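**Student:** My file is data.cif. It has mmCIF, C-alpha atoms:
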```cif
data_final
#
loop_
_atom_site.label_atom_id
_atom_site.label_comp_id
_atom_site.auth_asym_id
_atom_site.auth_seq_id
_atom_site.Cartn_x
_atom_site.Cartn_y
_atom_site.Cartn_z
CA MET A 127 54.07 -181.45 -1.65
CA LYS A 128 55.96 -184.41 -0.18
CA ALA A 129 54.91 -186.02 3.07
CA ASN A 130 57.45 -186.17 5.88
CA ASN A 131 59.50 -189.33 5.96
CA PRO A 132 58.84 -190.89 9.39
CA SER A 133 62.15 -192.78 9.45
CA LYS A 134 64.14 -189.58 8.85
CA THR A 135 62.15 -187.75 11.52
CA ALA A 136 62.75 -190.57 13.99
CA ARG A 137 66.49 -190.60 13.21
CA PHE A 138 66.68 -186.81 13.66
CA GLN A 139 64.92 -187.03 17.03
CA GLU A 140 67.22 -189.86 18.11
CA ARG A 141 70.29 -187.81 17.19
CA GLN A 142 69.00 -184.73 19.00
CA SER A 143 68.12 -186.69 22.12
CA TYR A 144 71.66 -188.14 22.26
CA ILE A 145 73.18 -184.64 22.02
CA ILE A 146 70.87 -183.44 24.80
CA PHE A 147 71.79 -186.48 26.93
CA TYR A 148 75.53 -185.92 26.40
CA ARG A 149 75.26 -182.21 27.17
CA LYS A 150 73.20 -182.82 30.34
CA GLU A 151 75.61 -185.46 31.66
CA VAL A 152 78.62 -183.17 31.28
CA LEU A 153 76.87 -180.11 32.72
CA LYS A 154 75.49 -182.16 35.62
CA HIS A 155 78.98 -183.45 36.44
CA TYR A 156 80.40 -179.91 36.69
CA GLU A 157 77.20 -178.36 38.11
CA ILE A 158 77.32 -175.52 35.63
CA SER A 159 74.82 -174.01 33.23
CA PHE A 160 75.16 -174.33 29.47
CA SER A 161 75.68 -170.59 29.01
CA GLN A 162 78.46 -170.54 31.63
CA PHE A 163 80.08 -173.57 30.02
CA LEU A 164 80.07 -171.86 26.62
CA LYS A 165 82.02 -168.93 28.07
CA LYS A 166 85.00 -171.22 28.67
CA PRO A 167 87.70 -171.49 25.97
CA GLU A 168 87.18 -174.19 23.33
CA LYS A 169 90.12 -176.27 24.54
CA THR A 170 88.72 -176.27 28.10
CA ARG A 171 85.23 -177.21 26.88
CA LEU A 172 86.66 -180.09 24.86
CA PHE A 173 88.77 -181.33 27.77
CA PHE A 174 85.96 -181.07 30.34
CA ALA A 175 83.45 -182.84 28.08
CA LEU A 176 85.78 -185.71 27.26
CA LYS A 177 86.83 -186.08 30.90
CA VAL A 178 83.24 -187.07 31.77
CA LEU A 179 82.19 -189.29 28.83
CA PRO A 180 84.14 -190.63 25.85
CA ALA A 181 82.59 -189.50 22.58
CA THR A 182 83.32 -188.92 18.93
CA ALA A 183 84.56 -185.53 17.79
CA LYS A 184 81.26 -184.78 16.04
CA VAL A 185 79.19 -185.30 19.20
CA VAL A 186 81.33 -182.94 21.27
CA SER A 187 81.41 -180.42 18.45
CA ILE A 188 77.61 -180.32 18.13
CA ALA A 189 76.87 -180.54 21.86
CA PHE A 190 79.20 -177.72 22.91
CA LYS A 191 79.27 -175.53 19.81
CA ILE A 192 82.91 -176.01 18.91
CA PRO A 193 83.53 -175.69 15.16
CA ILE A 194 84.95 -179.00 13.93
CA GLU A 195 88.00 -177.28 12.39
CA ASN A 196 88.90 -175.66 15.72
CA GLN A 197 88.22 -178.89 17.55
CA CYS A 198 90.80 -180.73 15.46
CA ARG A 199 93.38 -178.14 16.44
CA ARG A 200 92.44 -178.33 20.14
CA LYS A 201 92.48 -182.13 19.96
CA ARG A 202 96.05 -182.11 18.62
CA GLU A 203 97.11 -179.73 21.40
CA LEU A 204 95.62 -182.01 24.08
CA GLN A 205 97.23 -185.08 22.50
CA ALA A 206 100.63 -183.35 22.48
CA GLU A 207 100.18 -182.62 26.20
CA ASN A 208 99.24 -186.31 26.72
CA ARG A 209 95.84 -185.30 28.12
CA LEU A 210 93.70 -186.86 25.37
CA LYS A 211 93.64 -190.37 23.98
CA VAL A 212 92.01 -191.74 20.82
CA SER A 213 90.56 -195.26 20.75
CA TYR A 214 92.25 -197.96 18.69
CA ARG A 215 89.00 -199.46 17.46
CA ASP A 216 86.20 -197.78 15.59
CA VAL A 217 82.74 -197.60 17.14
CA GLN A 218 79.50 -196.51 15.58
CA CYS A 219 78.92 -192.82 16.28
CA LYS A 220 75.56 -192.31 17.95
CA TYR A 221 75.13 -189.03 16.09
CA THR A 222 76.21 -189.76 12.52
CA GLY A 223 75.80 -193.54 12.46
CA HIS A 224 79.24 -193.88 10.81
CA TYR A 225 82.20 -195.67 12.33
CA ALA A 226 84.64 -193.37 14.11
CA ARG A 227 87.10 -193.37 16.96
CA LEU A 228 86.21 -192.34 20.48
CA LEU A 229 88.09 -189.61 22.31
CA THR A 230 88.65 -189.41 26.05
CA CYS A 231 90.53 -187.30 28.56
CA ASP A 232 89.81 -189.66 31.45
CA LYS A 233 93.20 -191.03 32.56
CA GLU A 234 91.56 -194.15 34.01
CA LEU A 235 90.29 -195.12 30.55
CA PHE A 236 93.75 -194.75 28.98
CA GLN A 237 94.64 -198.25 30.20
CA THR A 238 91.51 -200.03 28.90
CA VAL A 239 91.43 -202.32 25.89
CA LEU A 240 89.57 -199.81 23.71
CA PHE A 241 92.09 -197.02 24.28
#
```
Can the structure from this file be put into structure tokens for me?
**Tutor:**
Amino acid sequence: MKANNPSKTARFQERQSYIIFYRKEVLKHYEISFSQFLKKPEKTRLFFALKVLPATAKVVSIAFKIPIENQCRRKRELQAENRLKVSYRDVQCKYTGHYARLLTCDKELFQTVLF
């Protein structure tokens, strides 16, 4: 029987704590419970989450239980409505560790260097 790899366990805990942080920040901003937030349509959940904090698609998908395939569709809809912006530069995703682009629905961030 193999012993647990401490580095993998630490990485898993770090990923989970970031998802919990992201979820709490969004829910705190709207003063709503997680179960009430999940009752909203996927497009609304995506928009509300990205209005509070920019994040990668994977983080929002995991934090608010939006299947990644559906999220891509909702993302395209929001981009067509000019309500979502994708960053020009890649940043390291705090969940996967890979480089990816940030998403935001915050109009004030649309004018920044990153977006």
**Student:** Take atom CA of A:Thr182 and atom CA of A:Arg227 and report the distance between them in Å, one decimal.
**Tutor:**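 Answer for the atom CA of A:Thr182 to atom CA of A:Arg227 separation: 6.2 Å.
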**Student:** For the file shown, what are the residues hit by the PyMOL selection byres ((chain A and resi 216) around 6), laid out as number ranges by chain?
**Tutor:** A: 215, 217, 225-227
**Student:** Excluding A:Glu195 and its own-chain neighbours fewer than 4 positions away, which residues fall within 12 Å of it when counting all atoms listed in the file? Please give them as a list in words.
**Tutor:**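 Using all atoms listed in the file, the neighbours found are Glu168, Ala183, Lys184, Ser187, Lys191, Arg199, Arg200, Lys201 and Arg202 of chain A.
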**Student:** Write the residues of the preceding selection, restricted to C-alpha atoms, as an mmCIF file, in the coordinates of the input.
**Tutor:**
```cif
data_model
loop_
_atom_site.group_PDB
_atom_site.id
_atom_site.type_symbol
_atom_site.label_atom_id
_atom_site.label_comp_id
_atom_site.auth_asym_id
_atom_site.auth_seq_id
_atom_site.Cartn_x
_atom_site.Cartn_y
_atom_site.Cartn_z
ATOM 1 C CA GLU A 168 87.180 -174.190 23.330
ATOM 2 C CA ALA A 183 84.560 -185.530 17.790
ATOM 3 C CA LYS A 184 81.260 -184.780 16.040
ATOM 4 C CA SER A 187 81.410 -180.420 18.450
ATOM 5 C CA LYS A 191 79.270 -175.530 19.810
ATOM 6 C CA ARG A 199 93.380 -178.140 16.440
ATOM 7 C CA ARG A 200 92.440 -178.330 20.140
ATOM 8 C CA LYS A 201 92.480 -182.130 19.960
ATOM 9 C CA ARG A 202 96.050 -182.110 18.620
#
```
**Student:** Determine, using all atoms listed in the file, which residues of stretch 156-209 of chain A have any atom at most 6 Å from an atom of stretch 230-237 of chain A, and tabulate each with its shortest atom pair and distance in Å to one decimal place, rows ordered by chain and then rising number, as a tab-separated table.
**Tutor:**
```
residue	atom	partner	partner_atom	distance
A:Leu176	CA	A:Thr230	CA	4.8
A:Lys177	CA	A:Cys231	CA	4.5
A:Pro180	CA	A:Thr230	CA	4.7
A:Arg209	CA	A:Cys231	CA	5.7
```
**Student:** Residues within 12 Å of A:Lys165, please, as a list in words. Count all atoms listed in the file; anything in the same chain fewer than 6 positions from it doesn't count.
**Tutor:**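 Using all atoms listed in the file, the neighbours found are Ile158, Ser159, Arg171, Phe190, Lys191 and Ile192 of chain A.
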